[in-house]
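Remarks on the structure that follows.
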Amino acid sequence: MPLAITAWIVLIALLLVRSFFGWPSRFWLLEHQRGILFRRGVPMREVGAGRHTVWIGAERILFVDTRPISVSFENRAVTLTDSLTAVYGFSGSAEICDVTKALYSAANYPEMPAFVLLCCARLVLNRHDSVGLVARQAAITDEVVDLANPRLAAAGFRLLTFRMTQLSVVGPASPSKAN
């Protein structure tokens, strides 16, 4: 009789431990991956490359790819202060410098650099007029970089490169003649 009671106690104890901790599982993060260990929904610590053991059911690792994210856009249009249209394009790259901020910055963190660079380029170009816009391309590039750097840093990214690949002003459309 005591053996049966002991077996039941061990079985109940195993079920309680499993429901509280789960089963152990191993994860390998590659050299270009970083992650955050969550325990019961609370972020505990950052984890780097290597083997990590987590208790399935109680812990979870959300990982990010820290390789540089390349961004390239062409043939975008923006209205200038003198109501003309500028067509622009740019390319750039950014990398993650803070895993926690990057994970919390957006639902899809690899899209954050593209979003920030598009917004900053549009904002800077929208402030200028068409006179000498192409001649001031280097200054405009510097303005975009200066505006994008703190926004990307707040989201956990670092801007590596940014280059305007296209910048031209499109004149007003000529009125068509009716026959």
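FYI, nothing fancy with the structure tokens labels: chains A, B, ... in order, residues from 1 per chain, ligands from 1 as they appear.
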Skipping near chain neighbours, those fewer than 2 positions away, what residues fall within 12 Å of Arg163 (chain A) using only C-alpha atoms, listed as a ChimeraX atom specification? /A:70-74,88-93,117,121,137-145,159-161,165-167
Quick one: write out the picked residues with N, CA and C atoms as an mmCIF file, in the first residue's frame?
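After the write, selection25.cif holds the following:
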data_model
loop_
_atom_site.group_PDB
_atom_site.id
_atom_site.type_symbol
_atom_site.label_atom_id
_atom_site.label_comp_id
_atom_site.auth_asym_id
_atom_site.auth_seq_id
_atom_site.Cartn_x
_atom_site.Cartn_y
_atom_site.Cartn_z
ATOM 1 N N SER A 70 19.691 46.032 -45.593
ATOM 2 C CA SER A 70 19.855 46.926 -46.743
ATOM 3 C C SER A 70 18.502 47.476 -47.170
ATOM 4 N N VAL A 71 18.521 48.734 -47.562
ATOM 5 C CA VAL A 71 17.306 49.432 -47.989
ATOM 6 C C VAL A 71 17.609 50.115 -49.313
ATOM 7 N N SER A 72 16.705 49.989 -50.270
ATOM 8 C CA SER A 72 16.879 50.652 -51.556
ATOM 9 C C SER A 72 15.509 51.016 -52.112
ATOM 10 N N PHE A 73 15.337 52.276 -52.446
ATOM 11 C CA PHE A 73 14.092 52.765 -53.032
ATOM 12 C C PHE A 73 14.426 53.651 -54.219
ATOM 13 N N GLU A 74 13.664 53.514 -55.276
ATOM 14 C CA GLU A 74 13.850 54.321 -56.479
ATOM 15 C C GLU A 74 12.505 54.902 -56.906
ATOM 16 N N TYR A 88 12.980 61.066 -56.325
ATOM 17 C CA TYR A 88 14.218 60.730 -55.612
ATOM 18 C C TYR A 88 14.314 59.228 -55.409
ATOM 19 N N GLY A 89 15.503 58.815 -55.100
ATOM 20 C CA GLY A 89 15.785 57.433 -54.754
ATOM 21 C C GLY A 89 16.986 57.410 -53.833
ATOM 22 N N PHE A 90 17.074 56.395 -53.019
ATOM 23 C CA PHE A 90 18.212 56.289 -52.109
ATOM 24 C C PHE A 90 18.485 54.834 -51.781
ATOM 25 N N SER A 91 19.665 54.598 -51.263
ATOM 26 C CA SER A 91 20.022 53.284 -50.747
ATOM 27 C C SER A 91 20.764 53.503 -49.434
ATOM 28 N N GLY A 92 20.669 52.531 -48.570
ATOM 29 C CA GLY A 92 21.326 52.642 -47.277
ATOM 30 C C GLY A 92 21.321 51.307 -46.570
ATOM 31 N N SER A 93 21.954 51.278 -45.423
ATOM 32 C CA SER A 93 21.966 50.073 -44.603
ATOM 33 C C SER A 93 22.045 50.469 -43.138
ATOM 34 N N LEU A 117 13.980 55.810 -42.835
ATOM 35 C CA LEU A 117 14.682 56.496 -43.916
ATOM 36 C C LEU A 117 13.714 57.103 -44.925
ATOM 37 N N ALA A 121 13.671 61.132 -45.464
ATOM 38 C CA ALA A 121 13.959 61.662 -46.805
ATOM 39 C C ALA A 121 12.799 62.512 -47.299
ATOM 40 N N GLN A 137 22.565 68.337 -53.345
ATOM 41 C CA GLN A 137 22.300 66.939 -53.039
ATOM 42 C C GLN A 137 23.126 66.438 -51.853
ATOM 43 N N ALA A 138 24.381 66.842 -51.754
ATOM 44 C CA ALA A 138 25.222 66.406 -50.630
ATOM 45 C C ALA A 138 24.694 66.958 -49.304
ATOM 46 N N ALA A 139 24.264 68.225 -49.307
ATOM 47 C CA ALA A 139 23.711 68.813 -48.087
ATOM 48 C C ALA A 139 22.392 68.137 -47.697
ATOM 49 N N ILE A 140 21.599 67.785 -48.679
ATOM 50 C CA ILE A 140 20.331 67.104 -48.399
ATOM 51 C C ILE A 140 20.590 65.717 -47.825
ATOM 52 N N THR A 141 21.578 65.033 -48.362
ATOM 53 C CA THR A 141 21.951 63.717 -47.828
ATOM 54 C C THR A 141 22.374 63.840 -46.373
ATOM 55 N N ASP A 142 23.172 64.864 -46.062
ATOM 56 C CA ASP A 142 23.600 65.082 -44.675
ATOM 57 C C ASP A 142 22.411 65.395 -43.766
ATOM 58 N N GLU A 143 21.451 66.166 -44.260
ATOM 59 C CA GLU A 143 20.255 66.473 -43.468
ATOM 60 C C GLU A 143 19.458 65.211 -43.160
ATOM 61 N N VAL A 144 19.312 64.346 -44.162
ATOM 62 C CA VAL A 144 18.566 63.098 -43.952
ATOM 63 C C VAL A 144 19.284 62.231 -42.921
ATOM 64 N N VAL A 145 20.595 62.128 -43.025
ATOM 65 C CA VAL A 145 21.368 61.322 -42.077
ATOM 66 C C VAL A 145 21.250 61.897 -40.666
ATOM 67 N N LEU A 159 22.709 53.556 -38.181
ATOM 68 C CA LEU A 159 22.788 53.771 -39.624
ATOM 69 C C LEU A 159 24.231 53.573 -40.074
ATOM 70 N N LEU A 160 24.427 52.667 -41.017
ATOM 71 C CA LEU A 160 25.769 52.399 -41.522
ATOM 72 C C LEU A 160 26.078 53.244 -42.750
ATOM 73 N N THR A 161 25.183 53.214 -43.736
ATOM 74 C CA THR A 161 25.395 53.978 -44.968
ATOM 75 C C THR A 161 24.081 54.592 -45.422
ATOM 76 N N THR A 165 20.562 58.133 -54.570
ATOM 77 C CA THR A 165 20.914 57.588 -55.878
ATOM 78 C C THR A 165 20.247 58.342 -57.021
ATOM 79 N N GLN A 166 19.194 59.065 -56.700
ATOM 80 C CA GLN A 166 18.440 59.767 -57.738
ATOM 81 C C GLN A 166 17.805 60.992 -57.103
ATOM 82 N N LEU A 167 17.905 62.126 -57.772
ATOM 83 C CA LEU A 167 17.238 63.339 -57.314
ATOM 84 C C LEU A 167 17.064 64.261 -58.512
#
Polymer residues at most 10 Å from region 45-48 of chain A, only C-alpha atoms, same-chain spacing of 4 or more positions, as a PyMOL selection string: chain A and resi 28-39+52+61-63+98-100
Considering only C-alpha atoms, can you say which of A:Pro68, A:Ala86, A:Leu147, A:Leu152 comes closest to Ser168 (chain A)?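 Distance minimum relative to Ser168 (chain A) lands on A:Ala86.
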Hey, what does DSSP flag as helix (DSSP H, G or I) within chain A? Can you give it to me as an NGL selection string? :A and (2-21 or 99-105 or 109-126 or 137-154)
Which is closest to Val169 (chain A) among A:Arg18, A:Arg60, A:Arg76, A:Lys101, if we use only C-alpha atoms?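 Once distances to Val169 (chain A) are computed over only C-alpha atoms, the minimum belongs to A:Arg76.
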Please identify all polymer residues within 8 Å of region 103-116 of chain A, counting only C-alpha atoms, omitting same-chain residues fewer than 5 positions from it, and present them as a VMD selection string. chain A and resid 64 69 71 93 to 94 148 151 to 152 155 to 157
State, in Å with one decimal place, the distance from CA of Leu118 (chain A) to CA of Leu80 (chain A).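 CA of Leu118 (chain A) sits 15.5 Å away from CA of Leu80 (chain A).
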When you count only C-alpha atoms, which of these residues is closest to Arg67 (chain A): A:Val42, A:Val124, A:Val87, A:Ile96?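 Comparing A:Val42, A:Val124, A:Val87, A:Ile96 against Arg67 (chain A), the winner is A:Ile96.
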Distance table requested - region 31-83 of chain A against region 127-131 of chain A, cut-off 10 Å, only C-alpha atoms: one row per qualifying residue with the closest atom pair and its distance in Å to one decimal, ordered by chain and rising residue number, as a Markdown table.
| residue | atom | partner | partner_atom | distance |
| --- | --- | --- | --- | --- |
| A:Thr79 | CA | A:Asp129 | CA | 9.0 |
| A:Leu80 | CA | A:Asp129 | CA | 5.2 |
| A:Thr81 | CA | A:Asp129 | CA | 5.0 |
| A:Asp82 | CA | A:Asp129 | CA | 5.4 |
| A:Ser83 | CA | A:Asp129 | CA | 8.1 |
